[in-house]
Amino acid sequence: MSGLWHVGLLLWGSACLWLPYLAQGALVISGPSSGLQDAFHTECSLNPSASAPQVEVQSVVVDCIVTSRFAHTEMTSKAQNVANASQEIFFEVDLPKTAFISNFSMEIEGQVYVGEIKEKEKAKKQYQKAVSSGQTAGLVRVSGRKMEKFSVSVNIAAKSGVIFSLTYEELLQRKLGHYEIMFRVKPKQVVDKFQIVTNIYEPQGIVYVDTSSTFLSNELLHLVDKTVYDKKAHISFSPTTEQQRKCPDCDGTIIDGDFVIKYDVKRLNNLGEIQVVNGYFVHFFAPPNLQRLPKNVVFVIDRSGSMYGKKIQQTREAMLHILEDISEDDYFAIVQFDDIIDVWKQNLTKATKENVAEAKIYVRNIKDSGGTDINGGVLRAVQMLVSGRANGNLLENSIDMIILLTDGMPNSGEYRLPKIQENVRQATGGNMTLFSLGFGNNVKYSFLDTLSKQNRGFARRIFEGSDAAVQLQGFYDEVSSPLLSEVQLHYPDNTVDSLTTNHFDQLFNGTEIVTSGRLSNDDIDSFNAEVHGQGIEDDFEVQGLATTVDWNVLYPNESYIFGNFIERLWAYLTIQQLLEKSKSGTAEEKGNTTAEALAMSLRYNFVTPLTSMVVTKPEDKEHGDGPVLADKLTEEERQEAERNVDGDPHFMIELPDKKDSLCFNINDNPGTIYNLVKDPAVGLFVNGQTIGDKMIPADGTINTYLGRFGIVHESLGVKLEVDTTSISLYQKDKWMRLLWSNTASVKGDNVDLLLSKDRSLNVTLKDSVKFVILLHKVWEKHPYHRDYLGFYTLDSHLLSPKAHGLLGQFYHGIDYEVTNLREGEVPEKPDATMFVKGNELNVTRGWQRDFRRDWKNGEKIPCWFVHNNGTGLIDRDATDYIVSGLFKTP
């Protein structure tokens, strides 16, 4: 669940954004100037001839009702095609990744088309059938760190309109002492009727309501109408068309960003609030005025080579802030690991001012190097906590906690993921809480998630960016003040059934425990409730009577969310918890919980990871409109989507004249050989062969890399074979073999080789092109990956105009135009339209790594990614460049 309620609308928008994308083993070509000139070029230009369609957004209405933390939001937009020809109209909404879509409809010329929720596999078959028949179709996509984007388009006849409506639901989670509702709105034009209305109903009473906006200046905040009563709050924002304008004579709108509401409720007793409505109940537990429990925390920090640069710098920065905030009642330790485990002190240390100051000095000196021994790092932390308990150095009523920060997969020590999980689970004995922070996009999130949940904690992703240190500190703030441990909520067995989770390992300050259930008899109007837990001094115990709430009396003449909102809240919680349970246990247990979660998803019309919503659009034979498939992504699916990869190997075309680059990937099986360069005028051919991982990972992903190159220059009589172990040179009936494990320099009549040990090979052909081949070494005992090669071409202008091949066809430049820059699958990854070689392509702005200057970490180069194996950019199909042997000519 998320404490963030996020809504967004984007119609006909464009933006200038660059995305961070890390890809290894790139194959790069350069023009006459092999240097990287103005590699970061941030001009945005839109082709005036490709102007936005003539669509008038007549209304945007966001209606959010929050009843007892359960949020029900409906976004409705009305758009009109004012052109004299049919137009495609888009409707896009950002919603929280933990929210469940429950309804969608389109009204076109009086006909309403409603989405239907089906089992995911059945829905996908319908979707794939439409795609295979040539129809267009859409998907719910990743959109930033916390959101998913629902997107649908429909072709509308001239002078006709459409009304879109999307509904989704979520239980708000309290974090850092408040609930947060955030709406992201981007209509991109002044709207006749723009309205955000939020009504909050909280029977406990409301303490405060705050509003803010990223697009309203202080002078315009008066446009927000906020009224707060004892148990109800009303917030509305309805600017006129003139108030929406950036300036009196402008068409541009100020409405472009986030509108945020924060609030909290009253807490008058230790039992919390229990509400009973229509045979279902919910119990909110967050007792006031509890003393925090002291904690014993070990910070386990990954300092491996992949943490190089900004990651390790931000980790140091965050740790310094965390140490400033650590309580003097706490004990702490610092473990850092690569392939070696180091500790600040051998035992946990009380957080006195002197010890904290000394620890800061230690943190400032953490530097990256080596491999990744997660198993060793975490087990060292466990051992320190165990010995601290055994020696009586730690307070009896205190919490033992490990906070692991890593950015990669284990590749040193024990690297088998299930074995690491087993080792940690056995070592902790269920007596410690492990939180795992996955830094960046290369971590195996599912591994960290399971590792933490098996040890009373949870995993959290830390996204690379300028605010990564803030994310790390924010997470620590959430868990830094435990109030209770072993919290158990009890209700009479003969009164309550179908109970959601009622045992919680900890309650942290600023959070809230929520349990819901169904009454076994509709005639029950009251029942007893008890809560037990472990506090700082003794056992915490409280009990009381729960009674039925008559909402019509509580809120007379009010149209609150709906009469069965607690039942839907219960269903939401139950499905979330069943989905978590389905990740562990025996095959039979997984099957049973999955089946139960699916049945409930269908019953309550929720789009969950087990269901999809199929939106059947009106038949349009001319434009081939097909269904839209609305999915709920898992965290692993989100992570994969954010990587934005089409496969390997990666090709990058550097274009200094345009101060830009183009990139594309090629998908194929290991062992495939591609012709990269051919120049028949001089008899030069370069072929590259792909290699695969040592074994296929559990997720089934097949990664391929360039592992062998064959270079032939017939006019010079040179033949060169390069793999990840050695370099073999054939010239004038002579043969020479060099090993990557050596440094060497070879000067010949027609070719010079300069080999840097385990790093790079420079190949200079007489009066011709120069190649640089880089060796990317992987830890020898890595369970999956192996060493691979990168290939770079310099001075390509020396080749003839007949040069071709996957790379060679670009040696003498390429003409293209990029226009219609727009928001992509995530805001940081914009899409655009590229016109090249008579083709119109959808491309994505991204980054590629160039390892020529920084062989270890690479230099980020911005480029336009062309999808689908470079289709439309390369002259022919990618398979046309496949050759039968390493020295075969095409």
# chains A, B, ... in the order shown; residues from 1 in each chain; ligands from 1
$ residues_around --residues "segment 709-725 of chain A" --least-positions-apart "3" --cutoff "7 Å" --atoms "only C-alpha atoms" --output "ChimeraX atom specification"
/A:682-689,728-732,739-740,750,775,787-789,886-887
$ select_by_dssp --residues "segment 339-579 of chain A" --states "alpha helix (DSSP H)" --output "VMD selection string"
chain A and resid 353 to 364 374 to 390 417 to 428 445 to 453 468 to 479 551 to 554 565 to 579
$ write_last_selection --atoms "C-alpha atoms" --output "PDB file, in the first residue's frame"
ATOM      1  CA  LYS A 353      27.848  12.278  20.634  1.00  0.00           C
ATOM      2  CA  GLU A 354      31.473  11.145  20.722  1.00  0.00           C
ATOM      3  CA  ASN A 355      30.745   7.791  19.065  1.00  0.00           C
ATOM      4  CA  VAL A 356      28.556   9.397  16.397  1.00  0.00           C
ATOM      5  CA  ALA A 357      31.295  11.906  15.581  1.00  0.00           C
ATOM      6  CA  GLU A 358      33.803   9.079  15.206  1.00  0.00           C
ATOM      7  CA  ALA A 359      31.394   7.116  13.024  1.00  0.00           C
ATOM      8  CA  LYS A 360      30.988  10.110  10.707  1.00  0.00           C
ATOM      9  CA  ILE A 361      34.720  10.124  10.067  1.00  0.00           C
ATOM     10  CA  TYR A 362      34.522   6.432   9.187  1.00  0.00           C
ATOM     11  CA  VAL A 363      31.575   7.001   6.830  1.00  0.00           C
ATOM     12  CA  ARG A 364      33.323   9.828   4.986  1.00  0.00           C
ATOM     13  CA  ILE A 374      25.792  -9.732   0.373  1.00  0.00           C
ATOM     14  CA  ASN A 375      25.729 -13.013   2.272  1.00  0.00           C
ATOM     15  CA  GLY A 376      28.894 -12.196   4.211  1.00  0.00           C
ATOM     16  CA  GLY A 377      27.844  -8.625   4.950  1.00  0.00           C
ATOM     17  CA  VAL A 378      24.418  -9.502   6.342  1.00  0.00           C
ATOM     18  CA  LEU A 379      25.640 -12.501   8.349  1.00  0.00           C
ATOM     19  CA  ARG A 380      28.317 -10.313   9.955  1.00  0.00           C
ATOM     20  CA  ALA A 381      25.562  -7.928  11.057  1.00  0.00           C
ATOM     21  CA  VAL A 382      23.514 -10.809  12.466  1.00  0.00           C
ATOM     22  CA  GLN A 383      26.525 -12.108  14.379  1.00  0.00           C
ATOM     23  CA  MET A 384      27.101  -8.684  15.946  1.00  0.00           C
ATOM     24  CA  LEU A 385      23.486  -8.493  17.155  1.00  0.00           C
ATOM     25  CA  VAL A 386      23.549 -12.078  18.470  1.00  0.00           C
ATOM     26  CA  SER A 387      26.769 -11.510  20.412  1.00  0.00           C
ATOM     27  CA  GLY A 388      25.470  -8.188  21.722  1.00  0.00           C
ATOM     28  CA  ARG A 389      22.434  -9.973  23.160  1.00  0.00           C
ATOM     29  CA  ALA A 390      24.505 -12.836  24.542  1.00  0.00           C
ATOM     30  CA  LEU A 417      20.156 -16.453  -3.962  1.00  0.00           C
ATOM     31  CA  PRO A 418      18.009 -19.145  -2.251  1.00  0.00           C
ATOM     32  CA  LYS A 419      21.019 -20.202  -0.182  1.00  0.00           C
ATOM     33  CA  ILE A 420      21.625 -16.620   0.975  1.00  0.00           C
ATOM     34  CA  GLN A 421      17.975 -16.342   2.008  1.00  0.00           C
ATOM     35  CA  GLU A 422      18.201 -19.637   3.885  1.00  0.00           C
ATOM     36  CA  ASN A 423      21.443 -18.626   5.624  1.00  0.00           C
ATOM     37  CA  VAL A 424      20.026 -15.307   6.824  1.00  0.00           C
ATOM     38  CA  ARG A 425      16.700 -16.786   7.926  1.00  0.00           C
ATOM     39  CA  GLN A 426      18.434 -19.442  10.011  1.00  0.00           C
ATOM     40  CA  ALA A 427      20.907 -16.961  11.475  1.00  0.00           C
ATOM     41  CA  THR A 428      18.304 -14.441  12.622  1.00  0.00           C
ATOM     42  CA  TYR A 445      14.346  -6.757  -6.284  1.00  0.00           C
ATOM     43  CA  SER A 446      12.427 -10.014  -5.861  1.00  0.00           C
ATOM     44  CA  PHE A 447      15.442 -11.477  -4.049  1.00  0.00           C
ATOM     45  CA  LEU A 448      15.662  -8.532  -1.645  1.00  0.00           C
ATOM     46  CA  ASP A 449      11.892  -8.522  -1.154  1.00  0.00           C
ATOM     47  CA  THR A 450      11.835 -12.179  -0.114  1.00  0.00           C
ATOM     48  CA  LEU A 451      14.992 -11.801   1.992  1.00  0.00           C
ATOM     49  CA  SER A 452      13.368  -9.005   4.003  1.00  0.00           C
ATOM     50  CA  LYS A 453       9.897 -10.494   4.372  1.00  0.00           C
ATOM     51  CA  ALA A 468      18.688   9.452  -3.781  1.00  0.00           C
ATOM     52  CA  ALA A 469      20.223  10.613  -0.481  1.00  0.00           C
ATOM     53  CA  VAL A 470      16.875  12.145   0.479  1.00  0.00           C
ATOM     54  CA  GLN A 471      15.137   8.842  -0.338  1.00  0.00           C
ATOM     55  CA  LEU A 472      17.561   6.958   1.918  1.00  0.00           C
ATOM     56  CA  GLN A 473      17.104   9.386   4.783  1.00  0.00           C
ATOM     57  CA  GLY A 474      13.328   9.402   4.275  1.00  0.00           C
ATOM     58  CA  PHE A 475      13.216   5.625   4.612  1.00  0.00           C
ATOM     59  CA  TYR A 476      15.214   5.773   7.837  1.00  0.00           C
ATOM     60  CA  ASP A 477      12.828   8.389   9.223  1.00  0.00           C
ATOM     61  CA  GLU A 478       9.953   5.948   8.688  1.00  0.00           C
ATOM     62  CA  VAL A 479      11.528   3.135  10.734  1.00  0.00           C
ATOM     63  CA  TRP A 551     -23.338   6.768   8.600  1.00  0.00           C
ATOM     64  CA  ASN A 552     -26.653   8.427   7.763  1.00  0.00           C
ATOM     65  CA  VAL A 553     -26.741   9.786  11.304  1.00  0.00           C
ATOM     66  CA  LEU A 554     -23.035  10.626  11.349  1.00  0.00           C
ATOM     67  CA  PHE A 565     -16.951   1.004   1.368  1.00  0.00           C
ATOM     68  CA  ILE A 566     -15.696  -1.013   4.357  1.00  0.00           C
ATOM     69  CA  GLU A 567     -16.437  -4.234   2.488  1.00  0.00           C
ATOM     70  CA  ARG A 568     -14.369  -2.964  -0.450  1.00  0.00           C
ATOM     71  CA  LEU A 569     -11.634  -1.831   1.956  1.00  0.00           C
ATOM     72  CA  TRP A 570     -11.625  -5.364   3.402  1.00  0.00           C
ATOM     73  CA  ALA A 571     -11.476  -6.865  -0.087  1.00  0.00           C
ATOM     74  CA  TYR A 572      -8.612  -4.533  -1.065  1.00  0.00           C
ATOM     75  CA  LEU A 573      -6.567  -5.504   2.015  1.00  0.00           C
ATOM     76  CA  THR A 574      -7.353  -9.201   1.621  1.00  0.00           C
ATOM     77  CA  ILE A 575      -6.280  -9.275  -2.036  1.00  0.00           C
ATOM     78  CA  GLN A 576      -3.044  -7.417  -1.257  1.00  0.00           C
ATOM     79  CA  GLN A 577      -2.161  -9.871   1.488  1.00  0.00           C
ATOM     80  CA  LEU A 578      -3.104 -12.935  -0.571  1.00  0.00           C
ATOM     81  CA  LEU A 579      -0.837 -11.714  -3.364  1.00  0.00           C
TER      82      LEU A 579
END
$ residues_around --residues "Tyr816 of chain A" --least-positions-apart "4" --cutoff "9 Å" --atoms "only C-alpha atoms" --output "list in words"
Met834, Phe835, Val836 and Lys837 of chain A
$ residues_around --residues "segment 194-211 of chain A" --least-positions-apart "6" --cutoff "8 Å" --atoms "only C-alpha atoms" --output "PyMOL selection string"
chain A and resi 59-69+228-240+259-267+273+554+560
$ select_by_dssp --residues "segment 409-583 of chain A" --states "strand (DSSP E)" --output "NGL selection string"
:A and (433-439 or 459-462 or 482-490 or 496-497 or 503-508 or 513-519 or 526-534 or 539-547)
$ write_last_selection --atoms "N, CA and C atoms" --output "compact mmCIF listing (two decimals), in the first residue's frame"
# COMPACT_ATOMS: atom_id res chain seq x y z
N THR A 433 14.77 -7.75 12.55
CA THR A 433 14.08 -7.15 11.42
C THR A 433 15.11 -6.71 10.39
N LEU A 434 14.92 -7.16 9.15
CA LEU A 434 15.84 -6.82 8.07
C LEU A 434 15.11 -5.98 7.02
N PHE A 435 15.62 -4.78 6.79
CA PHE A 435 15.12 -3.93 5.72
C PHE A 435 16.17 -3.90 4.61
N SER A 436 15.73 -4.09 3.37
CA SER A 436 16.65 -4.08 2.24
C SER A 436 16.33 -2.91 1.33
N LEU A 437 17.34 -2.12 1.03
CA LEU A 437 17.20 -0.99 0.13
C LEU A 437 17.95 -1.30 -1.16
N GLY A 438 17.22 -1.44 -2.26
CA GLY A 438 17.82 -1.74 -3.55
C GLY A 438 18.10 -0.46 -4.31
N PHE A 439 19.37 -0.14 -4.49
CA PHE A 439 19.79 1.12 -5.09
C PHE A 439 19.92 0.93 -6.60
N ALA A 459 11.37 -4.66 1.62
CA ALA A 459 12.36 -4.07 0.72
C ALA A 459 11.81 -2.76 0.17
N ARG A 460 12.70 -1.90 -0.19
CA ARG A 460 12.32 -0.61 -0.78
C ARG A 460 13.32 -0.29 -1.89
N ARG A 461 12.83 0.18 -3.01
CA ARG A 461 13.73 0.59 -4.09
C ARG A 461 14.16 2.03 -3.88
N ILE A 462 15.45 2.27 -4.08
CA ILE A 462 16.00 3.62 -4.07
C ILE A 462 16.36 3.96 -5.50
N PRO A 482 10.51 2.91 16.55
CA PRO A 482 9.54 1.86 16.87
C PRO A 482 8.85 2.15 18.20
N LEU A 483 7.53 1.91 18.23
CA LEU A 483 6.75 2.17 19.45
C LEU A 483 6.35 0.88 20.15
N LEU A 484 5.97 -0.13 19.36
CA LEU A 484 5.57 -1.41 19.91
C LEU A 484 6.13 -2.53 19.05
N SER A 485 6.32 -3.68 19.65
CA SER A 485 6.68 -4.88 18.89
C SER A 485 5.67 -5.97 19.21
N GLU A 486 5.61 -6.98 18.32
CA GLU A 486 4.71 -8.13 18.49
C GLU A 486 3.28 -7.68 18.80
N VAL A 487 2.73 -6.88 17.91
CA VAL A 487 1.38 -6.35 18.09
C VAL A 487 0.36 -7.37 17.59
N GLN A 488 -0.58 -7.72 18.45
CA GLN A 488 -1.61 -8.70 18.12
C GLN A 488 -2.98 -8.10 18.39
N LEU A 489 -3.87 -8.13 17.39
CA LEU A 489 -5.24 -7.63 17.54
C LEU A 489 -6.18 -8.82 17.61
N HIS A 490 -7.01 -8.89 18.67
CA HIS A 490 -7.88 -10.04 18.92
C HIS A 490 -9.34 -9.64 18.84
N VAL A 496 -16.26 -12.85 14.45
CA VAL A 496 -15.52 -12.32 13.31
C VAL A 496 -14.88 -13.46 12.52
N ASP A 497 -14.99 -13.41 11.19
CA ASP A 497 -14.25 -14.34 10.36
C ASP A 497 -13.66 -13.59 9.17
N HIS A 503 -1.51 -9.77 13.09
CA HIS A 503 -0.27 -9.77 13.85
C HIS A 503 0.76 -8.94 13.09
N PHE A 504 1.41 -8.02 13.80
CA PHE A 504 2.38 -7.12 13.17
C PHE A 504 3.64 -7.09 14.02
N ASP A 505 4.78 -7.19 13.35
CA ASP A 505 6.05 -7.26 14.07
C ASP A 505 6.37 -5.97 14.81
N GLN A 506 6.06 -4.83 14.18
CA GLN A 506 6.34 -3.55 14.83
C GLN A 506 5.27 -2.53 14.46
N LEU A 507 5.14 -1.54 15.31
CA LEU A 507 4.40 -0.32 15.00
C LEU A 507 5.39 0.83 15.13
N PHE A 508 5.57 1.60 14.05
CA PHE A 508 6.50 2.73 14.05
C PHE A 508 5.76 4.04 14.23
N ILE A 513 -1.62 0.78 12.02
CA ILE A 513 -1.96 -0.61 11.73
C ILE A 513 -3.44 -0.67 11.35
N VAL A 514 -3.73 -1.42 10.28
CA VAL A 514 -5.11 -1.56 9.81
C VAL A 514 -5.45 -3.04 9.69
N THR A 515 -6.56 -3.43 10.34
CA THR A 515 -7.07 -4.79 10.24
C THR A 515 -8.56 -4.71 9.90
N SER A 516 -9.02 -5.62 9.07
CA SER A 516 -10.42 -5.61 8.67
C SER A 516 -10.95 -7.04 8.64
N GLY A 517 -12.26 -7.18 8.78
CA GLY A 517 -12.85 -8.51 8.77
C GLY A 517 -14.34 -8.45 8.50
N ARG A 518 -14.93 -9.63 8.47
CA ARG A 518 -16.36 -9.76 8.21
C ARG A 518 -17.03 -10.33 9.45
N LEU A 519 -18.21 -9.82 9.79
CA LEU A 519 -18.94 -10.34 10.93
C LEU A 519 -19.65 -11.63 10.52
N SER A 526 -22.34 -5.19 18.03
CA SER A 526 -21.20 -4.82 18.87
C SER A 526 -20.39 -6.06 19.20
N PHE A 527 -19.11 -5.87 19.48
CA PHE A 527 -18.24 -6.97 19.89
C PHE A 527 -17.01 -6.39 20.58
N ASN A 528 -16.32 -7.23 21.34
CA ASN A 528 -15.12 -6.81 22.06
C ASN A 528 -13.89 -6.89 21.17
N ALA A 529 -12.95 -6.03 21.44
CA ALA A 529 -11.66 -6.03 20.73
C ALA A 529 -10.54 -5.83 21.74
N GLU A 530 -9.42 -6.53 21.51
CA GLU A 530 -8.26 -6.42 22.39
C GLU A 530 -7.01 -6.25 21.54
N VAL A 531 -6.04 -5.50 22.08
CA VAL A 531 -4.75 -5.33 21.43
C VAL A 531 -3.66 -5.61 22.45
N HIS A 532 -2.69 -6.44 22.07
CA HIS A 532 -1.54 -6.75 22.92
C HIS A 532 -0.26 -6.43 22.17
N GLY A 533 0.74 -5.98 22.88
CA GLY A 533 2.02 -5.69 22.28
C GLY A 533 3.08 -5.54 23.34
N GLN A 534 4.33 -5.35 22.91
CA GLN A 534 5.45 -5.16 23.82
C GLN A 534 5.92 -3.72 23.73
N ASP A 539 4.31 -5.14 29.08
CA ASP A 539 3.35 -5.52 28.05
C ASP A 539 2.32 -4.41 27.87
N PHE A 540 1.97 -4.17 26.63
CA PHE A 540 0.93 -3.20 26.30
C PHE A 540 -0.37 -3.96 26.08
N GLU A 541 -1.42 -3.59 26.82
CA GLU A 541 -2.71 -4.25 26.67
C GLU A 541 -3.81 -3.20 26.72
N VAL A 542 -4.79 -3.34 25.84
CA VAL A 542 -5.94 -2.44 25.83
C VAL A 542 -7.11 -3.19 25.22
N GLN A 543 -8.32 -2.92 25.72
CA GLN A 543 -9.51 -3.55 25.18
C GLN A 543 -10.67 -2.58 25.19
N GLY A 544 -11.69 -2.89 24.39
CA GLY A 544 -12.85 -2.02 24.32
C GLY A 544 -13.95 -2.65 23.50
N LEU A 545 -15.06 -1.91 23.33
CA LEU A 545 -16.23 -2.40 22.63
C LEU A 545 -16.37 -1.69 21.29
N ALA A 546 -16.55 -2.47 20.23
CA ALA A 546 -16.80 -1.91 18.90
C ALA A 546 -18.29 -1.96 18.62
N THR A 547 -18.85 -0.86 18.12
CA THR A 547 -20.28 -0.80 17.83
C THR A 547 -20.52 -0.34 16.40
$ residues_around --residues "segment 168-176 of chain A" --least-positions-apart "3" --cutoff "6 Å" --atoms "only C-alpha atoms" --output "list in words"
Ser2, Gly3, Arg69, Phe70, Ala71, His72, Thr73, Ala99, Phe100, Ile101, Ser102, Tyr179, Gly510, Thr511 and Glu512 of chain A
$ write_last_selection --atoms "N, CA, C and O atoms" --output "PDB file, in the first residue's frame"
ATOM      1  N   SER A   2       0.267   2.330  -0.372  1.00  0.00           N
ATOM      2  CA  SER A   2       1.013   3.576  -0.475  1.00  0.00           C
ATOM      3  C   SER A   2       0.262   4.680   0.210  1.00  0.00           C
ATOM      4  O   SER A   2      -0.959   4.761   0.171  1.00  0.00           O
ATOM      5  N   GLY A   3       0.967   5.582   0.879  1.00  0.00           N
ATOM      6  CA  GLY A   3       0.343   6.745   1.465  1.00  0.00           C
ATOM      7  C   GLY A   3       0.099   7.817   0.442  1.00  0.00           C
ATOM      8  O   GLY A   3      -0.397   8.894   0.761  1.00  0.00           O
ATOM      9  N   ARG A  69     -10.068   6.664   5.310  1.00  0.00           N
ATOM     10  CA  ARG A  69      -8.799   6.378   4.623  1.00  0.00           C
ATOM     11  C   ARG A  69      -8.966   5.648   3.293  1.00  0.00           C
ATOM     12  O   ARG A  69      -7.986   5.442   2.588  1.00  0.00           O
ATOM     13  N   PHE A  70     -10.162   5.193   2.959  1.00  0.00           N
ATOM     14  CA  PHE A  70     -10.350   4.486   1.698  1.00  0.00           C
ATOM     15  C   PHE A  70     -10.730   5.496   0.627  1.00  0.00           C
ATOM     16  O   PHE A  70     -11.770   6.151   0.714  1.00  0.00           O
ATOM     17  N   ALA A  71      -9.872   5.623  -0.368  1.00  0.00           N
ATOM     18  CA  ALA A  71     -10.018   6.663  -1.394  1.00  0.00           C
ATOM     19  C   ALA A  71     -10.641   6.084  -2.653  1.00  0.00           C
ATOM     20  O   ALA A  71     -10.223   5.038  -3.151  1.00  0.00           O
ATOM     21  N   HIS A  72     -11.625   6.794  -3.143  1.00  0.00           N
ATOM     22  CA  HIS A  72     -12.346   6.411  -4.356  1.00  0.00           C
ATOM     23  C   HIS A  72     -12.285   7.625  -5.280  1.00  0.00           C
ATOM     24  O   HIS A  72     -12.864   8.670  -4.993  1.00  0.00           O
ATOM     25  N   THR A  73     -11.555   7.508  -6.384  1.00  0.00           N
ATOM     26  CA  THR A  73     -11.323   8.656  -7.265  1.00  0.00           C
ATOM     27  C   THR A  73     -11.842   8.365  -8.655  1.00  0.00           C
ATOM     28  O   THR A  73     -11.588   7.307  -9.217  1.00  0.00           O
ATOM     29  N   ALA A  99      -2.806   1.228  -6.371  1.00  0.00           N
ATOM     30  CA  ALA A  99      -4.249   1.383  -6.517  1.00  0.00           C
ATOM     31  C   ALA A  99      -4.795   0.327  -7.468  1.00  0.00           C
ATOM     32  O   ALA A  99      -4.089  -0.195  -8.325  1.00  0.00           O
ATOM     33  N   PHE A 100      -6.065   0.027  -7.309  1.00  0.00           N
ATOM     34  CA  PHE A 100      -6.748  -0.912  -8.191  1.00  0.00           C
ATOM     35  C   PHE A 100      -7.746  -0.146  -9.055  1.00  0.00           C
ATOM     36  O   PHE A 100      -8.634   0.532  -8.529  1.00  0.00           O
ATOM     37  N   ILE A 101      -7.589  -0.229 -10.369  1.00  0.00           N
ATOM     38  CA  ILE A 101      -8.616   0.293 -11.264  1.00  0.00           C
ATOM     39  C   ILE A 101      -9.876  -0.547 -11.074  1.00  0.00           C
ATOM     40  O   ILE A 101      -9.820  -1.774 -11.016  1.00  0.00           O
ATOM     41  N   SER A 102     -11.038   0.127 -10.980  1.00  0.00           N
ATOM     42  CA  SER A 102     -12.286  -0.617 -10.794  1.00  0.00           C
ATOM     43  C   SER A 102     -13.323  -0.318 -11.869  1.00  0.00           C
ATOM     44  O   SER A 102     -14.310  -1.051 -11.971  1.00  0.00           O
ATOM     45  N   TYR A 179      -1.539  11.359   5.981  1.00  0.00           N
ATOM     46  CA  TYR A 179      -1.959  10.732   4.737  1.00  0.00           C
ATOM     47  C   TYR A 179      -1.772  11.759   3.630  1.00  0.00           C
ATOM     48  O   TYR A 179      -1.903  12.958   3.855  1.00  0.00           O
ATOM     49  N   GLY A 510       4.293   7.503  13.602  1.00  0.00           N
ATOM     50  CA  GLY A 510       3.843   8.141  12.370  1.00  0.00           C
ATOM     51  C   GLY A 510       3.136   7.214  11.419  1.00  0.00           C
ATOM     52  O   GLY A 510       2.692   7.640  10.349  1.00  0.00           O
ATOM     53  N   THR A 511       3.015   5.902  11.768  1.00  0.00           N
ATOM     54  CA  THR A 511       2.328   4.941  10.906  1.00  0.00           C
ATOM     55  C   THR A 511       1.031   4.497  11.572  1.00  0.00           C
ATOM     56  O   THR A 511       0.614   5.032  12.607  1.00  0.00           O
ATOM     57  N   GLU A 512       0.397   3.496  11.015  1.00  0.00           N
ATOM     58  CA  GLU A 512      -0.887   3.028  11.519  1.00  0.00           C
ATOM     59  C   GLU A 512      -1.073   1.574  11.115  1.00  0.00           C
ATOM     60  O   GLU A 512      -0.725   1.180   9.997  1.00  0.00           O
TER      61      GLU A 512
END
$ residues_around --residues "Ile882 of chain A" --least-positions-apart "6" --cutoff "9 Å" --atoms "only C-alpha atoms" --output "VMD selection string"
chain A and resid 672 to 675 890
$ atom_distance --atom1 "atom CA of Leu774 of chain A" --atom2 "atom CA of Leu761 of chain A"
6.3 Å
$ closest_residue --among "A:Lys583, A:Arg456, A:Lys118, A:His283" --to "Tyr604 of chain A" --atoms "only C-alpha atoms"
A:Lys118
$ residues_around --residues "Gly671 of chain A" --least-positions-apart "4" --cutoff "10 Å" --atoms "only C-alpha atoms" --output "PyMOL selection string"
chain A and resi 688-692+704-708
$ closest_residue --among "A:Asp373, A:Glu180, A:Asp660, A:Asp749" --to "Asn411 of chain A" --atoms "only C-alpha atoms"
A:Asp373
